[in-house]
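K.L.:
Data: start.pdb, PDB, C-alpha atoms.
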ATOM      1  CA  MET A1146    -149.569 153.930 148.711
ATOM      2  CA  GLY A1147    -153.325 153.920 149.052
ATOM      3  CA  SER A1148    -155.405 151.349 147.216
ATOM      4  CA  ASP A1149    -157.167 154.103 145.238
ATOM      5  CA  LEU A1150    -153.833 154.957 143.586
ATOM      6  CA  MET A1151    -152.439 151.460 143.303
ATOM      7  CA  SER A1152    -154.619 149.784 140.729
ATOM      8  CA  LYS A1153    -152.357 148.484 137.967
ATOM      9  CA  ALA A1154    -149.011 146.714 137.781
ATOM     10  CA  PHE A1155    -146.925 145.898 134.722
ATOM     11  CA  LEU A1156    -145.139 142.524 134.674
ATOM     12  CA  PHE A1157    -142.369 141.671 132.211
ATOM     13  CA  PRO A1158    -141.629 138.046 131.308
ATOM     14  CA  GLY A1159    -138.180 136.478 131.097
ATOM     15  CA  GLN A1160    -136.554 133.759 129.013
ATOM     16  CA  GLY A1161    -138.879 130.959 128.017
ATOM     17  CA  SER A1162    -141.628 133.261 126.720
ATOM     18  CA  GLN A1163    -139.901 133.776 123.370
ATOM     19  CA  SER A1164    -141.194 132.130 120.192
ATOM     20  CA  VAL A1165    -140.552 132.469 116.475
ATOM     21  CA  SER A1166    -142.984 135.018 114.915
ATOM     22  CA  MET A1167    -143.859 136.577 118.300
ATOM     23  CA  LEU A1168    -145.490 140.026 118.080
ATOM     24  CA  ALA A1169    -145.974 139.578 114.292
ATOM     25  CA  GLU A1170    -149.477 141.089 114.277
ATOM     26  CA  LEU A1171    -148.519 144.009 116.527
ATOM     27  CA  GLY A1172    -145.488 144.536 114.277
ATOM     28  CA  ARG A1173    -147.737 144.889 111.226
ATOM     29  CA  ASN A1174    -150.065 147.323 112.992
ATOM     30  CA  HIS A1175    -147.725 149.464 115.126
ATOM     31  CA  SER A1176    -144.497 151.152 114.048
ATOM     32  CA  GLN A1177    -143.259 151.051 117.661
ATOM     33  CA  VAL A1178    -142.494 147.331 117.301
ATOM     34  CA  VAL A1179    -140.376 147.576 114.165
ATOM     35  CA  ASP A1180    -138.696 150.729 115.524
ATOM     36  CA  ALA A1181    -137.792 149.097 118.858
ATOM     37  CA  PHE A1182    -136.286 146.091 117.059
ATOM     38  CA  ALA A1183    -134.481 148.306 114.534
ATOM     39  CA  GLU A1184    -132.845 150.227 117.394
ATOM     40  CA  ALA A1185    -131.809 146.927 118.999
ATOM     41  CA  SER A1186    -130.483 145.582 115.681
ATOM     42  CA  GLY A1187    -128.371 148.696 115.256
ATOM     43  CA  MET A1188    -126.780 148.123 118.655
ATOM     44  CA  LEU A1189    -126.243 144.379 118.120
ATOM     45  CA  GLY A1190    -125.039 144.443 114.526
ATOM     46  CA  PHE A1191    -127.553 141.901 113.168
ATOM     47  CA  ASP A1192    -131.267 141.928 112.272
ATOM     48  CA  LEU A1193    -132.987 140.935 115.514
ATOM     49  CA  TRP A1194    -136.522 141.338 114.093
ATOM     50  CA  GLN A1195    -135.722 138.924 111.257
ATOM     51  CA  LEU A1196    -134.394 136.365 113.757
ATOM     52  CA  VAL A1197    -137.519 136.758 115.918
ATOM     53  CA  GLN A1198    -139.893 136.484 112.944
ATOM     54  CA  GLN A1199    -138.178 133.733 110.909
ATOM     55  CA  GLY A1200    -135.909 131.900 113.296
ATOM     56  CA  PRO A1201    -134.297 129.465 113.297
ATOM     57  CA  GLU A1202    -135.729 128.690 116.726
ATOM     58  CA  ALA A1203    -132.445 127.186 117.955
ATOM     59  CA  GLU A1204    -130.723 130.510 117.203
ATOM     60  CA  LEU A1205    -133.427 132.538 118.964
ATOM     61  CA  ASN A1206    -133.108 130.267 122.024
ATOM     62  CA  ILE A1207    -129.385 130.974 122.490
ATOM     63  CA  THR A1208    -129.415 133.125 125.618
ATOM     64  CA  CYS A1209    -127.349 136.022 124.219
ATOM     65  CA  ASN A1210    -130.046 136.344 121.491
ATOM     66  CA  THR A1211    -133.061 135.521 123.651
ATOM     67  CA  GLN A1212    -132.300 138.219 126.199
ATOM     68  CA  PRO A1213    -132.211 141.235 123.826
ATOM     69  CA  ALA A1214    -135.180 139.771 121.883
ATOM     70  CA  MET A1215    -137.328 139.595 125.018
ATOM     71  CA  LEU A1216    -136.180 143.049 126.151
ATOM     72  CA  ALA A1217    -137.057 144.576 122.760
ATOM     73  CA  ALA A1218    -140.447 142.828 122.726
ATOM     74  CA  GLY A1219    -141.395 144.142 126.176
ATOM     75  CA  VAL A1220    -140.249 147.678 125.374
ATOM     76  CA  ALA A1221    -142.158 147.601 122.063
ATOM     77  CA  VAL A1222    -145.431 146.659 123.793
ATOM     78  CA  TRP A1223    -144.814 149.320 126.475
ATOM     79  CA  ARG A1224    -144.328 151.980 123.784
ATOM     80  CA  ILE A1225    -147.573 150.955 122.064
ATOM     81  CA  TRP A1226    -149.352 151.098 125.432
ATOM     82  CA  GLN A1227    -148.081 154.641 126.048
ATOM     83  CA  GLN A1228    -148.929 155.795 122.524
ATOM     84  CA  LYS A1229    -152.473 154.440 122.940
ATOM     85  CA  GLY A1230    -152.887 156.382 126.178
ATOM     86  CA  GLY A1231    -153.195 153.271 128.345
ATOM     87  CA  GLU A1232    -153.359 153.819 132.101
ATOM     88  CA  LEU A1233    -149.835 153.991 133.499
ATOM     89  CA  PRO A1234    -148.963 151.398 136.125
ATOM     90  CA  ALA A1235    -148.160 152.350 139.690
ATOM     91  CA  ILE A1236    -145.620 149.541 140.073
ATOM     92  CA  MET A1237    -143.576 147.161 137.893
ATOM     93  CA  ALA A1238    -141.697 143.893 138.186
ATOM     94  CA  GLY A1239    -139.991 141.500 135.788
ATOM     95  CA  HIS A1240    -139.156 137.804 136.008
ATOM     96  CA  SER A1241    -135.351 137.430 135.891
ATOM     97  CA  LEU A1242    -134.362 139.056 132.575
ATOM     98  CA  GLY A1243    -137.734 140.846 132.703
ATOM     99  CA  GLU A1244    -136.402 142.985 135.549
ATOM    100  CA  TYR A1245    -134.154 144.708 132.997
ATOM    101  CA  THR A1246    -137.181 145.403 130.790
ATOM    102  CA  ALA A1247    -138.992 146.864 133.808
ATOM    103  CA  LEU A1248    -136.001 149.097 134.571
ATOM    104  CA  VAL A1249    -135.950 150.379 130.965
ATOM    105  CA  CYS A1250    -139.708 151.054 130.932
ATOM    106  CA  SER A1251    -139.512 152.754 134.337
ATOM    107  CA  GLY A1252    -136.870 155.162 133.053
ATOM    108  CA  ALA A1253    -134.011 153.736 135.147
ATOM    109  CA  LEU A1254    -132.031 152.263 132.228
ATOM    110  CA  ASP A1255    -131.494 153.594 128.716
ATOM    111  CA  TYR A1256    -132.966 151.169 126.163
ATOM    112  CA  ARG A1257    -129.915 151.083 123.888
ATOM    113  CA  ASP A1258    -127.559 150.583 126.826
ATOM    114  CA  ALA A1259    -129.780 147.777 128.088
ATOM    115  CA  ILE A1260    -129.842 145.914 124.745
ATOM    116  CA  THR A1261    -126.057 145.412 124.663
ATOM    117  CA  LEU A1262    -125.998 144.910 128.439
ATOM    118  CA  VAL A1263    -128.398 141.934 128.350
ATOM    119  CA  ALA A1264    -126.661 140.470 125.287
ATOM    120  CA  ASP A1265    -123.411 140.577 127.288
ATOM    121  CA  ARG A1266    -125.223 139.157 130.333
ATOM    122  CA  GLY A1267    -126.311 136.236 128.154
ATOM    123  CA  ARG A1268    -122.757 135.746 126.913
ATOM    124  CA  TYR A1269    -121.295 135.788 130.440
ATOM    125  CA  MET A1270    -123.902 133.217 131.526
ATOM    126  CA  GLN A1271    -123.180 131.004 128.514
ATOM    127  CA  GLU A1272    -119.426 131.134 129.091
ATOM    128  CA  ALA A1273    -119.642 130.460 132.846
ATOM    129  CA  VAL A1274    -120.690 126.829 132.382
ATOM    130  CA  ALA A1275    -119.542 124.615 129.492
ATOM    131  CA  PRO A1276    -122.316 123.234 127.244
ATOM    132  CA  GLY A1277    -123.889 120.122 128.739
ATOM    133  CA  GLU A1278    -122.405 120.676 132.208
ATOM    134  CA  GLY A1279    -125.382 122.544 133.673
ATOM    135  CA  ALA A1280    -129.135 121.914 133.668
ATOM    136  CA  MET A1281    -132.456 123.218 134.923
ATOM    137  CA  ALA A1282    -135.643 121.318 135.721
ATOM    138  CA  ALA A1283    -139.188 122.179 136.762
ATOM    139  CA  ILE A1284    -140.638 120.354 139.766
ATOM    140  CA  LEU A1285    -144.445 120.440 139.930
ATOM    141  CA  GLY A1286    -146.703 119.378 142.761
ATOM    142  CA  LEU A1287    -144.354 119.594 145.756
ATOM    143  CA  ASP A1288    -144.069 122.451 148.229
ATOM    144  CA  ASP A1289    -140.997 124.697 148.389
ATOM    145  CA  SER A1290    -139.500 123.088 151.477
ATOM    146  CA  GLN A1291    -139.735 119.595 149.926
ATOM    147  CA  VAL A1292    -137.904 120.784 146.790
ATOM    148  CA  ILE A1293    -135.182 122.480 148.865
ATOM    149  CA  ALA A1294    -134.693 119.256 150.880
ATOM    150  CA  ILE A1295    -134.541 117.168 147.681
ATOM    151  CA  CYS A1296    -131.814 119.457 146.309
ATOM    152  CA  GLU A1297    -129.794 119.016 149.511
ATOM    153  CA  ARG A1298    -130.048 115.220 149.183
ATOM    154  CA  ALA A1299    -129.230 115.224 145.464
ATOM    155  CA  ALA A1300    -126.210 117.538 145.632
ATOM    156  CA  GLN A1301    -123.610 114.952 146.784
ATOM    157  CA  GLY A1302    -120.869 117.562 146.666
ATOM    158  CA  GLU A1303    -122.165 119.145 143.445
ATOM    159  CA  GLU A1304    -124.431 122.150 142.945
ATOM    160  CA  VAL A1305    -128.218 121.924 142.712
ATOM    161  CA  ALA A1306    -130.608 124.478 144.201
ATOM    162  CA  ALA A1307    -134.179 125.738 144.023
ATOM    163  CA  VAL A1308    -133.848 128.884 141.909
ATOM    164  CA  ASN A1309    -137.279 130.018 140.674
ATOM    165  CA  PHE A1310    -140.189 130.053 143.099
ATOM    166  CA  ASN A1311    -142.696 130.574 140.287
ATOM    167  CA  SER A1312    -145.995 129.649 141.922
ATOM    168  CA  PRO A1313    -147.214 127.390 144.730
ATOM    169  CA  GLY A1314    -146.309 123.890 143.562
ATOM    170  CA  GLN A1315    -144.000 125.033 140.749
ATOM    171  CA  VAL A1316    -140.317 125.372 141.573
ATOM    172  CA  VAL A1317    -137.455 125.375 139.077
ATOM    173  CA  ILE A1318    -134.101 123.921 140.125
ATOM    174  CA  ALA A1319    -130.659 124.498 138.570
ATOM    175  CA  GLY A1320    -127.143 123.181 138.936
ATOM    176  CA  THR A1321    -124.721 120.674 137.473
ATOM    177  CA  ALA A1322    -126.398 118.285 135.037
ATOM    178  CA  ALA A1323    -125.780 115.159 137.125
ATOM    179  CA  ALA A1324    -127.075 116.698 140.362
ATOM    180  CA  VAL A1325    -130.188 118.099 138.656
ATOM    181  CA  GLN A1326    -130.868 114.650 137.160
ATOM    182  CA  ARG A1327    -130.558 113.062 140.637
ATOM    183  CA  ALA A1328    -132.966 115.653 142.052
ATOM    184  CA  VAL A1329    -135.475 114.930 139.263
ATOM    185  CA  GLU A1330    -135.398 111.188 140.074
ATOM    186  CA  ILE A1331    -135.807 111.827 143.824
ATOM    187  CA  ALA A1332    -138.665 114.278 143.180
ATOM    188  CA  LYS A1333    -140.525 111.606 141.195
ATOM    189  CA  THR A1334    -140.185 109.090 144.031
ATOM    190  CA  GLU A1335    -141.327 111.768 146.526
ATOM    191  CA  GLY A1336    -144.581 112.222 144.622
ATOM    192  CA  ALA A1337    -143.956 115.200 142.339
ATOM    193  CA  ARG A1338    -146.717 115.518 139.763
ATOM    194  CA  ARG A1339    -144.054 116.226 137.140
ATOM    195  CA  ALA A1340    -140.281 116.627 137.215
ATOM    196  CA  ILE A1341    -138.956 117.623 133.823
ATOM    197  CA  LEU A1342    -135.664 118.882 132.462
ATOM    198  CA  LEU A1343    -136.002 122.269 130.737
ATOM    199  CA  PRO A1344    -134.579 122.977 127.268
ATOM    200  CA  VAL A1345    -132.145 125.671 128.419
ATOM    201  CA  SER A1346    -128.431 126.012 127.855
ATOM    202  CA  VAL A1347    -127.547 127.752 131.121
ATOM    203  CA  PRO A1348    -128.243 126.896 134.806
ATOM    204  CA  SER A1349    -129.455 130.361 135.831
ATOM    205  CA  HIS A1350    -129.782 131.786 139.354
ATOM    206  CA  CYS A1351    -127.532 129.286 141.126
ATOM    207  CA  SER A1352    -123.966 129.555 142.430
ATOM    208  CA  LEU A1353    -122.558 128.328 139.082
ATOM    209  CA  MET A1354    -123.311 131.878 137.859
ATOM    210  CA  ARG A1355    -120.942 133.619 140.295
ATOM    211  CA  ASP A1356    -118.208 134.046 137.671
ATOM    212  CA  ALA A1357    -120.746 135.519 135.274
ATOM    213  CA  ALA A1358    -121.940 137.839 138.057
ATOM    214  CA  ARG A1359    -118.412 139.157 138.572
ATOM    215  CA  GLN A1360    -118.215 140.039 134.873
ATOM    216  CA  LEU A1361    -121.708 141.530 134.984
ATOM    217  CA  GLU A1362    -120.705 143.685 137.954
ATOM    218  CA  GLN A1363    -117.852 145.213 135.941
ATOM    219  CA  ARG A1364    -120.101 145.681 132.912
ATOM    220  CA  LEU A1365    -122.839 147.335 135.005
ATOM    221  CA  SER A1366    -120.303 149.863 136.308
ATOM    222  CA  THR A1367    -120.109 151.239 132.734
ATOM    223  CA  VAL A1368    -123.881 151.793 132.473
ATOM    224  CA  THR A1369    -125.801 154.806 133.777
ATOM    225  CA  ILE A1370    -128.681 153.871 136.089
ATOM    226  CA  SER A1371    -131.193 156.488 137.273
ATOM    227  CA  ALA A1372    -133.876 156.414 139.939
ATOM    228  CA  PRO A1373    -136.941 154.748 138.354
ATOM    229  CA  GLU A1374    -139.922 157.010 137.596
ATOM    230  CA  ILE A1375    -142.220 154.038 138.319
ATOM    231  CA  PRO A1376    -141.268 151.787 141.264
ATOM    232  CA  VAL A1377    -139.742 148.412 140.312
ATOM    233  CA  VAL A1378    -139.850 145.444 142.714
ATOM    234  CA  ASN A1379    -136.626 143.474 142.374
ATOM    235  CA  ASN A1380    -136.314 139.669 142.242
ATOM    236  CA  VAL A1381    -133.540 139.176 144.738
ATOM    237  CA  ASP A1382    -134.799 141.083 147.805
ATOM    238  CA  VAL A1383    -138.463 141.667 146.833
ATOM    239  CA  ARG A1384    -137.816 145.350 147.443
ATOM    240  CA  ILE A1385    -138.241 148.645 145.654
ATOM    241  CA  GLU A1386    -134.883 150.393 145.277
ATOM    242  CA  THR A1387    -134.433 153.993 144.124
ATOM    243  CA  ASP A1388    -130.675 154.327 144.681
ATOM    244  CA  PRO A1389    -128.765 153.490 141.451
ATOM    245  CA  GLY A1390    -126.018 151.706 143.413
ATOM    246  CA  ALA A1391    -128.562 149.494 145.178
ATOM    247  CA  ILE A1392    -130.276 148.698 141.852
ATOM    248  CA  ARG A1393    -126.917 147.747 140.329
ATOM    249  CA  ASP A1394    -126.018 145.557 143.318
ATOM    250  CA  ALA A1395    -129.383 143.764 143.176
ATOM    251  CA  LEU A1396    -128.909 143.007 139.449
ATOM    252  CA  VAL A1397    -125.509 141.436 140.174
ATOM    253  CA  ARG A1398    -126.853 139.245 143.002
ATOM    254  CA  GLN A1399    -129.912 138.333 140.928
ATOM    255  CA  LEU A1400    -127.714 136.281 138.589
ATOM    256  CA  TYR A1401    -126.825 133.690 141.249
ATOM    257  CA  SER A1402    -129.842 134.068 143.574
ATOM    258  CA  PRO A1403    -133.394 132.691 143.380
ATOM    259  CA  VAL A1404    -136.216 134.510 141.593
ATOM    260  CA  ARG A1405    -138.770 135.058 144.377
ATOM    261  CA  TRP A1406    -141.769 135.470 142.096
ATOM    262  CA  VAL A1407    -144.490 134.280 144.494
ATOM    263  CA  GLU A1408    -143.306 136.800 147.089
ATOM    264  CA  THR A1409    -143.048 139.507 144.420
ATOM    265  CA  ILE A1410    -146.699 139.089 143.423
ATOM    266  CA  ALA A1411    -147.712 139.028 147.111
ATOM    267  CA  PHE A1412    -145.781 142.288 147.651
ATOM    268  CA  ILE A1413    -147.473 143.936 144.660
ATOM    269  CA  SER A1414    -150.896 142.737 145.804
ATOM    270  CA  ALA A1415    -150.244 144.153 149.288
ATOM    271  CA  GLN A1416    -149.905 147.623 147.678
ATOM    272  CA  GLY A1417    -153.559 147.393 146.657
ATOM    273  CA  VAL A1418    -152.988 146.236 143.083
ATOM    274  CA  ASP A1419    -155.784 144.100 141.618
ATOM    275  CA  THR A1420    -154.941 144.279 137.894
ATOM    276  CA  ALA A1421    -151.719 143.587 136.062
ATOM    277  CA  VAL A1422    -150.612 143.663 132.437
ATOM    278  CA  GLU A1423    -148.130 141.056 131.217
ATOM    279  CA  CYS A1424    -146.188 143.194 128.799
ATOM    280  CA  GLY A1425    -145.459 141.038 125.722
ATOM    281  CA  PRO A1426    -145.003 138.201 124.497
ATOM    282  CA  GLY A1427    -146.681 135.032 125.743
ATOM    283  CA  LYS A1428    -148.841 134.325 128.791
ATOM    284  CA  VAL A1429    -146.449 132.588 131.176
ATOM    285  CA  LEU A1430    -146.844 135.094 134.033
ATOM    286  CA  ALA A1431    -150.634 135.223 133.656
ATOM    287  CA  GLY A1432    -150.653 131.438 134.024
ATOM    288  CA  LEU A1433    -148.491 131.562 137.153
ATOM    289  CA  ASN A1434    -150.685 134.280 138.626
ATOM    290  CA  ARG A1435    -153.784 132.112 138.528
ATOM    291  CA  ARG A1436    -151.997 129.883 141.039
ATOM    292  CA  ILE A1437    -150.442 132.677 143.112
ATOM    293  CA  ASP A1438    -153.221 135.238 143.625
ATOM    294  CA  ARG A1439    -156.681 134.699 142.216
ATOM    295  CA  ASN A1440    -157.702 138.216 143.290
ATOM    296  CA  MET A1441    -155.277 139.792 140.815
ATOM    297  CA  THR A1442    -156.314 139.660 137.168
ATOM    298  CA  VAL A1443    -153.438 139.590 134.674
ATOM    299  CA  PHE A1444    -154.010 140.652 131.075
ATOM    300  CA  PRO A1445    -151.265 139.371 128.766
ATOM    301  CA  VAL A1446    -150.584 141.588 125.736
ATOM    302  CA  PHE A1447    -149.203 139.759 122.689
ATOM    303  CA  ASP A1448    -151.508 140.621 119.758
ATOM    304  CA  GLU A1449    -154.125 143.183 118.722
ATOM    305  CA  ASP A1450    -157.096 141.597 120.545
ATOM    306  CA  SER A1451    -155.194 141.147 123.801
ATOM    307  CA  LEU A1452    -153.932 144.755 123.595
ATOM    308  CA  GLN A1453    -157.448 146.161 123.167
ATOM    309  CA  ASN A1454    -158.713 143.897 125.946
ATOM    310  CA  ALA A1455    -156.009 145.062 128.386
ATOM    311  CA  ILE A1456    -156.283 148.768 127.533
ATOM    312  CA  GLY A1457    -160.029 148.686 128.199
ATOM    313  CA  LYS A1458    -159.483 147.405 131.764
TER     314      LYS A1458
END
Can you present the structure in this file as structure tokens?

P.N.:
Amino acid sequence: MGSDLMSKAFLFPGQGSQSVSMLAELGRNHSQVVDAFAEASGMLGFDLWQLVQQGPEAELNITCNTQPAMLAAGVAVWRIWQQKGGELPAIMAGHSLGEYTALVCSGALDYRDAITLVADRGRYMQEAVAPGEGAMAAILGLDDSQVIAICERAAQGEEVAAVNFNSPGQVVIAGTAAAVQRAVEIAKTEGARRAILLPVSVPSHCSLMRDAARQLEQRLSTVTISAPEIPVVNNVDVRIETDPGAIRDALVRQLYSPVRWVETIAFISAQGVDTAVECGPGKVLAGLNRRIDRNMTVFPVFDEDSLQNAIGK
């Protein structure tokens, strides 16, 4: 993988980047958007584009709706990029749910299969922990080892763990609501710049998701996975897998294991990549990247101007 070949990466965001009316302008200008959402709606049995455009927001933020909505949005932007003749990336990665979008865009997963798969993944996650029993929080301004130590102190026989290593000084924790709350209080006394509970219904990427992972494992056995045409770096091992069985296994473990995003960006950068496209909607990953690797420029694509800007680079 010489640096002359490895110039561009595509990055796919996960839950938290969704918003009501996302991709509205691209939807007016490009049939790929409406088509991608129509395909998804046909698989799901309800109008996903209408939910994304009109809300209600609370409905969009339910994880079994958020996941297919984010998948469809990323695939829609990817299809526009291809139709416009944009330079194809040499490598891809996605943050949590975004890994599924990367696998679809790389040719490893069929889009229609993936839509119902991630809706089911959301349902398994929702059902694994009763409403109000789990929580997630973002801890800003402490290093990784401090956050891990705080979680160990706060656990007191319950579950709380560092689950998203998003950027230096930004770690997300997840676990039982009481343990997460204790960790937030300790983090504040230890000098965290901010320690805030996140508005999510499911404590992702911690051991509370093991039941959901068992269901996901069975569900994944019904889905065809191929070797990706474009390499995808996974969250759980920070590795590129080509064997369908290894890809499947990594997706199962991803559900209860940390998202190693800082290491993922470092891995991609080490392949000689200096430019990345955040493939619809929002700019969360571009924001993280400014703190991870200033030598890599990330162009988020979420409307017409940002698309033209990214394609020209």

K.L.:
List as a PyMOL selection string the protein and nucleic acid residues near region 1270-1276 of chain A, meaning an atom at most 9 Å away when only C-alpha atoms are counted, but skip any in the same chain fewer than 6 places from it.

P.N.:
chain A and resi 1207-1209+1321+1346-1349+1353-1358+1400

K.L.:
For this structure, which residues satisfy the selection - the PyMOL selection byres ((chain A and resi 1290) around 12) - when it is evaluated on the file as given? I want them as a PyMOL selection string.

P.N.:
chain A and resi 1286-1289+1291-1297+1306-1307+1310+1313-1316

K.L.:
Kindly give the distance, in Å, that separates CA of Asp1192 (chain A) and CA of Thr1211 (chain A), rounded to a single decimal.

P.N.:
13.2 Å

K.L.:
Please enumerate the residues selected by the PyMOL selection byres ((chain A and resi 1370-1382) around 7) when evaluated against the supplied file, formatted as an MDAnalysis selection string.

P.N.:
chainID A and resid 1235:1238 1241 1244 1247:1248 1251:1254 1368:1369 1383:1385 1387:1389 1395 1398:1399 1402:1406 1409

K.L.:
Selected by the PyMOL selection byres ((chain A and resi 1182) around 10) in the shown coordinates: which residues, as number ranges by chain?

P.N.:
A: 1172, 1177-1181, 1183-1188, 1192-1195, 1197, 1213-1214, 1216-1218, 1220-1221

K.L.:
Measuring between all atoms listed in the file, which one of A:Ile1341, A:Ile1225, A:Ala1154, A:Ala1332 shows the shortest distance to Asp1419 (chain A)?

P.N.:
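Result for the nearest residue to Asp1419 (chain A): A:Ala1154.
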
K.L.:
CA of Ala1324 (chain A) and CA of Gln1212 (chain A) are how many Å apart?

P.N.:
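CA of Gln1212 (chain A) lies 26.3 Å from CA of Ala1324 (chain A).
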
K.L.:
Enter the distance from CA of Lys1229 (chain A) to CA of Pro1426 (chain A), in Å, rounded to one decimal.

P.N.:
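The value is 17.9 Å.
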
K.L.:
Set up a box along x, y and z of the file covering all listed atoms of region 1171-1180 of chain A, add 4 Å on every one of the six sides, and write the centre and edge lengths in Å to one decimal, as JSON.

P.N.:
{"center_x": -144.4, "center_y": 147.6, "center_z": 114.4, "size_x": 19.4, "size_y": 15.1, "size_z": 14.4}

K.L.:
Env of Leu1242 (chain A): 9 Å cut, atoms = only C-alpha atoms, seq-sep filter 6 positions within chain, self excluded. Answer as a VMD selection string.

P.N.:
chain A and resid 1157 to 1160 1212 1215 to 1216 1263
